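Dropping start.txt in here (compact mmCIF, N, CA and C atoms):
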```
# COMPACT_ATOMS: atom_id res chain seq x y z
N MET A 284 9.37 -12.12 16.19
CA MET A 284 9.10 -11.95 14.78
C MET A 284 10.12 -12.73 13.98
N GLY A 285 9.67 -13.29 12.87
CA GLY A 285 10.51 -14.15 12.06
C GLY A 285 11.33 -13.41 11.03
N ALA A 286 12.25 -14.14 10.45
CA ALA A 286 13.08 -13.60 9.39
C ALA A 286 12.30 -13.61 8.09
N ILE A 287 12.52 -12.62 7.29
CA ILE A 287 11.82 -12.51 6.02
C ILE A 287 12.76 -12.79 4.84
N SER A 288 14.02 -12.95 5.14
CA SER A 288 15.02 -13.09 4.08
C SER A 288 14.77 -14.28 3.16
N ASP A 289 14.09 -15.31 3.65
CA ASP A 289 13.82 -16.48 2.83
C ASP A 289 12.48 -16.43 2.10
N VAL A 290 11.73 -15.37 2.33
CA VAL A 290 10.42 -15.23 1.67
C VAL A 290 10.65 -14.75 0.24
N PRO A 291 10.06 -15.43 -0.73
CA PRO A 291 10.24 -15.00 -2.12
C PRO A 291 9.67 -13.60 -2.37
N VAL A 292 10.32 -12.87 -3.25
CA VAL A 292 9.89 -11.52 -3.60
C VAL A 292 8.42 -11.51 -4.01
N LYS A 293 8.03 -12.48 -4.82
CA LYS A 293 6.64 -12.55 -5.30
C LYS A 293 5.66 -12.63 -4.14
N ALA A 294 5.98 -13.40 -3.12
CA ALA A 294 5.09 -13.55 -1.96
C ALA A 294 4.97 -12.23 -1.18
N VAL A 295 6.08 -11.51 -1.08
CA VAL A 295 6.05 -10.23 -0.37
C VAL A 295 5.20 -9.24 -1.15
N ILE A 296 5.38 -9.19 -2.46
CA ILE A 296 4.58 -8.27 -3.29
C ILE A 296 3.10 -8.63 -3.21
N GLU A 297 2.78 -9.91 -3.22
CA GLU A 297 1.39 -10.33 -3.10
C GLU A 297 0.79 -9.88 -1.78
N GLN A 298 1.55 -9.99 -0.71
CA GLN A 298 1.03 -9.58 0.60
C GLN A 298 0.90 -8.06 0.68
N LEU A 299 1.84 -7.34 0.11
CA LEU A 299 1.73 -5.88 0.09
C LEU A 299 0.50 -5.45 -0.71
N THR A 300 0.22 -6.16 -1.80
CA THR A 300 -0.97 -5.87 -2.60
C THR A 300 -2.23 -6.15 -1.78
N ALA A 301 -2.28 -7.30 -1.13
CA ALA A 301 -3.44 -7.67 -0.31
C ALA A 301 -3.63 -6.69 0.86
N SER A 302 -2.53 -6.09 1.31
CA SER A 302 -2.57 -5.15 2.44
C SER A 302 -2.71 -3.71 1.97
N HIS A 303 -2.93 -3.52 0.66
CA HIS A 303 -3.11 -2.19 0.08
C HIS A 303 -1.92 -1.27 0.37
N GLY A 304 -0.72 -1.85 0.42
CA GLY A 304 0.49 -1.07 0.64
C GLY A 304 0.76 -0.72 2.09
N ASN A 305 -0.04 -1.25 3.01
CA ASN A 305 0.14 -0.97 4.43
C ASN A 305 1.23 -1.90 4.98
N ILE A 306 2.38 -1.30 5.30
CA ILE A 306 3.54 -2.07 5.76
C ILE A 306 3.25 -2.83 7.05
N SER A 307 2.60 -2.20 8.00
CA SER A 307 2.31 -2.85 9.28
C SER A 307 1.46 -4.09 9.09
N HIS A 308 0.42 -3.97 8.30
CA HIS A 308 -0.48 -5.10 8.06
C HIS A 308 0.25 -6.22 7.33
N ALA A 309 0.99 -5.86 6.30
CA ALA A 309 1.73 -6.86 5.52
C ALA A 309 2.76 -7.57 6.40
N ALA A 310 3.46 -6.81 7.24
CA ALA A 310 4.47 -7.40 8.12
C ALA A 310 3.84 -8.43 9.06
N LYS A 311 2.69 -8.10 9.63
CA LYS A 311 2.01 -9.05 10.52
C LYS A 311 1.67 -10.33 9.77
N LYS A 312 1.13 -10.18 8.57
CA LYS A 312 0.74 -11.35 7.78
C LYS A 312 1.96 -12.19 7.37
N LEU A 313 3.09 -11.53 7.20
CA LEU A 313 4.32 -12.24 6.83
C LEU A 313 5.08 -12.75 8.05
N GLY A 314 4.60 -12.43 9.24
CA GLY A 314 5.24 -12.90 10.46
C GLY A 314 6.55 -12.22 10.78
N THR A 315 6.62 -10.92 10.46
CA THR A 315 7.84 -10.18 10.72
C THR A 315 7.49 -8.80 11.25
N SER A 316 8.48 -7.98 11.49
CA SER A 316 8.25 -6.63 12.02
C SER A 316 8.20 -5.61 10.88
N ARG A 317 7.66 -4.46 11.18
CA ARG A 317 7.64 -3.35 10.21
C ARG A 317 9.05 -3.01 9.78
N THR A 318 9.93 -2.91 10.76
CA THR A 318 11.32 -2.53 10.49
C THR A 318 11.98 -3.52 9.53
N THR A 319 11.78 -4.79 9.79
CA THR A 319 12.37 -5.83 8.94
C THR A 319 11.79 -5.76 7.53
N LEU A 320 10.48 -5.54 7.43
CA LEU A 320 9.87 -5.45 6.11
C LEU A 320 10.36 -4.22 5.37
N HIS A 321 10.50 -3.11 6.07
CA HIS A 321 11.06 -1.90 5.44
C HIS A 321 12.46 -2.19 4.89
N LYS A 322 13.29 -2.86 5.67
CA LYS A 322 14.63 -3.20 5.20
C LYS A 322 14.57 -4.07 3.96
N TYR A 323 13.67 -5.06 3.97
CA TYR A 323 13.49 -5.96 2.83
C TYR A 323 13.12 -5.16 1.59
N VAL A 324 12.16 -4.27 1.74
CA VAL A 324 11.71 -3.43 0.62
C VAL A 324 12.88 -2.61 0.08
N ASN A 325 13.65 -2.02 0.98
CA ASN A 325 14.79 -1.18 0.56
C ASN A 325 15.89 -1.99 -0.11
N GLU A 326 16.00 -3.27 0.21
CA GLU A 326 17.03 -4.13 -0.37
C GLU A 326 16.61 -4.77 -1.69
N HIS A 327 15.33 -4.70 -2.02
CA HIS A 327 14.81 -5.33 -3.24
C HIS A 327 14.10 -4.27 -4.08
N ALA A 328 14.78 -3.82 -5.12
CA ALA A 328 14.24 -2.75 -5.97
C ALA A 328 12.89 -3.13 -6.59
N THR A 329 12.72 -4.40 -6.91
CA THR A 329 11.46 -4.85 -7.49
C THR A 329 10.31 -4.67 -6.51
N VAL A 330 10.57 -4.97 -5.25
CA VAL A 330 9.53 -4.83 -4.21
C VAL A 330 9.25 -3.35 -3.97
N ALA A 331 10.30 -2.54 -3.92
CA ALA A 331 10.12 -1.10 -3.71
C ALA A 331 9.28 -0.49 -4.83
N ALA A 332 9.56 -0.89 -6.07
CA ALA A 332 8.80 -0.37 -7.20
C ALA A 332 7.35 -0.84 -7.13
N ALA A 333 7.16 -2.09 -6.76
CA ALA A 333 5.79 -2.62 -6.63
C ALA A 333 5.03 -1.88 -5.54
N LEU A 334 5.69 -1.62 -4.42
CA LEU A 334 5.03 -0.89 -3.33
C LEU A 334 4.63 0.51 -3.77
N ASP A 335 5.50 1.17 -4.51
CA ASP A 335 5.16 2.50 -5.05
C ASP A 335 3.92 2.41 -5.95
N ASP A 336 3.89 1.40 -6.82
CA ASP A 336 2.75 1.22 -7.72
C ASP A 336 1.47 0.93 -6.94
N ILE A 337 1.57 0.09 -5.92
CA ILE A 337 0.41 -0.25 -5.10
C ILE A 337 -0.15 1.00 -4.43
N ARG A 338 0.74 1.78 -3.83
CA ARG A 338 0.30 3.00 -3.13
C ARG A 338 -0.27 4.02 -4.10
N GLU A 339 0.34 4.15 -5.27
CA GLU A 339 -0.18 5.07 -6.28
C GLU A 339 -1.57 4.64 -6.73
N GLY A 340 -1.78 3.35 -6.88
CA GLY A 340 -3.09 2.83 -7.24
C GLY A 340 -4.14 3.11 -6.18
N GLU A 341 -3.74 3.02 -4.92
CA GLU A 341 -4.67 3.31 -3.82
C GLU A 341 -5.07 4.79 -3.84
N ILE A 342 -4.12 5.66 -4.13
CA ILE A 342 -4.42 7.10 -4.23
C ILE A 342 -5.38 7.34 -5.39
N ASP A 343 -5.11 6.70 -6.52
CA ASP A 343 -6.00 6.84 -7.68
C ASP A 343 -7.42 6.39 -7.34
N ASP A 344 -7.55 5.27 -6.65
CA ASP A 344 -8.86 4.78 -6.25
C ASP A 344 -9.58 5.77 -5.34
N ALA A 345 -8.85 6.32 -4.38
CA ALA A 345 -9.44 7.29 -3.45
C ALA A 345 -9.90 8.55 -4.19
N GLU A 346 -9.09 9.00 -5.14
CA GLU A 346 -9.47 10.18 -5.92
C GLU A 346 -10.74 9.92 -6.73
N LEU A 347 -10.84 8.74 -7.33
CA LEU A 347 -12.04 8.41 -8.10
C LEU A 347 -13.28 8.38 -7.22
N MET A 348 -13.15 7.81 -6.02
CA MET A 348 -14.29 7.78 -5.10
C MET A 348 -14.68 9.20 -4.70
N LEU A 349 -13.70 10.06 -4.47
CA LEU A 349 -13.99 11.44 -4.09
C LEU A 349 -14.69 12.16 -5.24
N TYR A 350 -14.20 12.00 -6.46
CA TYR A 350 -14.85 12.63 -7.61
C TYR A 350 -16.31 12.21 -7.71
N ASP A 351 -16.56 10.90 -7.57
CA ASP A 351 -17.93 10.40 -7.66
C ASP A 351 -18.82 11.00 -6.58
N ARG A 352 -18.30 11.07 -5.38
CA ARG A 352 -19.11 11.58 -4.27
C ARG A 352 -19.28 13.09 -4.34
N MET A 353 -18.31 13.81 -4.91
CA MET A 353 -18.44 15.26 -5.03
C MET A 353 -19.60 15.63 -5.92
N ARG A 354 -19.93 14.77 -6.85
CA ARG A 354 -21.04 15.06 -7.76
C ARG A 354 -22.38 15.15 -7.02
N SER A 355 -22.44 14.53 -5.85
CA SER A 355 -23.71 14.54 -5.11
C SER A 355 -23.62 15.33 -3.80
N SER A 356 -22.47 15.95 -3.52
CA SER A 356 -22.32 16.67 -2.26
C SER A 356 -21.31 17.80 -2.40
N ASP A 357 -21.80 19.02 -2.33
CA ASP A 357 -20.89 20.18 -2.40
C ASP A 357 -19.96 20.23 -1.20
N THR A 358 -20.39 19.69 -0.08
CA THR A 358 -19.58 19.69 1.14
C THR A 358 -18.25 18.99 0.92
N LEU A 359 -18.24 17.94 0.14
CA LEU A 359 -17.01 17.18 -0.10
C LEU A 359 -15.98 17.94 -0.92
N LEU A 360 -16.41 19.03 -1.55
CA LEU A 360 -15.46 19.84 -2.34
C LEU A 360 -14.33 20.39 -1.46
N ILE A 361 -14.59 20.61 -0.18
CA ILE A 361 -13.55 21.16 0.69
C ILE A 361 -12.38 20.19 0.87
N PHE A 362 -12.64 18.91 0.65
CA PHE A 362 -11.56 17.91 0.79
C PHE A 362 -10.75 17.78 -0.48
N PHE A 363 -11.24 18.37 -1.55
CA PHE A 363 -10.55 18.31 -2.82
C PHE A 363 -9.60 19.47 -2.89
```
Mind turning this structure into structure tokens?
Amino acid sequence: MGAISDVPVKAVIEQLTASHGNISHAAKKLGTSRTTLHKYVNEHATVAAALDDIREGEIDDAELMLYDRMRSSDTLLIFF
């Protein structure tokens, strides 16, 4: 696995966005390990904040899909 230290912050954030906040997927696309990407995120406050925003957005999207589907299925209420 390669070093990520020379990868611009913007490129890492773009890959995290494309990977929907999934560290493993983003690390593979960036040619590095999960551990290395985690360290990078922890060392760059901008990236950590972006990752939090990305993950929060994914949760919001999932909640909206659940709300929409609950309108047509009482069974899905148990997951809410």
Spatial neighbours of region 289-295 of chain A, max dist 8 Å, all atoms listed in the file, sep filter under 3 positions, as a PDB file with N, CA and C atoms, in the coordinates of the input:
```pdb
ATOM      1  N   ALA A 286      12.250 -14.140  10.450  1.00  0.00           N
ATOM      2  CA  ALA A 286      13.080 -13.600   9.390  1.00  0.00           C
ATOM      3  C   ALA A 286      12.300 -13.610   8.090  1.00  0.00           C
ATOM      4  N   GLN A 298       1.550  -9.990  -0.710  1.00  0.00           N
ATOM      5  CA  GLN A 298       1.030  -9.580   0.600  1.00  0.00           C
ATOM      6  C   GLN A 298       0.900  -8.060   0.680  1.00  0.00           C
ATOM      7  N   LEU A 299       1.840  -7.340   0.110  1.00  0.00           N
ATOM      8  CA  LEU A 299       1.730  -5.880   0.090  1.00  0.00           C
ATOM      9  C   LEU A 299       0.500  -5.450  -0.710  1.00  0.00           C
ATOM     10  N   THR A 300       0.220  -6.160  -1.800  1.00  0.00           N
ATOM     11  CA  THR A 300      -0.970  -5.870  -2.600  1.00  0.00           C
ATOM     12  C   THR A 300      -2.230  -6.150  -1.780  1.00  0.00           C
ATOM     13  N   ALA A 301      -2.280  -7.300  -1.130  1.00  0.00           N
ATOM     14  CA  ALA A 301      -3.440  -7.670  -0.310  1.00  0.00           C
ATOM     15  C   ALA A 301      -3.630  -6.690   0.860  1.00  0.00           C
ATOM     16  N   ALA A 309       0.990  -5.860   6.300  1.00  0.00           N
ATOM     17  CA  ALA A 309       1.730  -6.860   5.520  1.00  0.00           C
ATOM     18  C   ALA A 309       2.760  -7.570   6.400  1.00  0.00           C
ATOM     19  N   LEU A 313       3.090 -11.530   7.200  1.00  0.00           N
ATOM     20  CA  LEU A 313       4.320 -12.240   6.830  1.00  0.00           C
ATOM     21  C   LEU A 313       5.080 -12.750   8.050  1.00  0.00           C
ATOM     22  N   HIS A 327      15.330  -4.700  -2.020  1.00  0.00           N
ATOM     23  CA  HIS A 327      14.810  -5.330  -3.240  1.00  0.00           C
ATOM     24  C   HIS A 327      14.100  -4.270  -4.080  1.00  0.00           C
ATOM     25  N   THR A 329      12.720  -4.400  -6.910  1.00  0.00           N
ATOM     26  CA  THR A 329      11.460  -4.850  -7.490  1.00  0.00           C
ATOM     27  C   THR A 329      10.310  -4.670  -6.510  1.00  0.00           C
ATOM     28  N   VAL A 330      10.570  -4.970  -5.250  1.00  0.00           N
ATOM     29  CA  VAL A 330       9.530  -4.830  -4.210  1.00  0.00           C
ATOM     30  C   VAL A 330       9.250  -3.350  -3.970  1.00  0.00           C
TER      31      VAL A 330
END
```
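Using all atoms listed in the file, the smallest distance between any of A:Thr315, A:Ile296, A:Met348, A:His321 and Leu334 (chain A) comes from A:Ile296.
Coordinates place atom N of Tyr350 (chain A) at a distance of 26.3 Å from atom N of Ser307 (chain A).
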**Q.** Nearest candidate to Asp335 (chain A) (options A:Gly314, A:Gly304, A:Lys322, A:Arg354; using all atoms listed in the file)
**A.** A:Gly304
Q: Record the distance separating CA of Ile306 (chain A) and atom C of Arg338 (chain A), expressed in Å with one decimal.
A: 12.2 Å
(Q) Residues of chain A classed as helix (DSSP H, G or I) by DSSP on the backbone are to be reported as JSON, numbers by chain. (A) {"A": [292, 293, 294, 295, 296, 297, 298, 299, 300, 301, 306, 307, 308, 309, 310, 311, 312, 313, 317, 318, 319, 320, 321, 322, 323, 324, 325, 326, 328, 329, 330, 331, 332, 333, 334, 335, 336, 337, 338, 339, 340, 341, 342, 343, 344, 345, 346, 347, 348, 349, 350, 351, 352, 353, 357, 358, 359, 360, 361, 362]}
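Reported to one decimal place, the separation of atom C of Glu346 (chain A) from atom C of Lys311 (chain A) is 28.9 Å.
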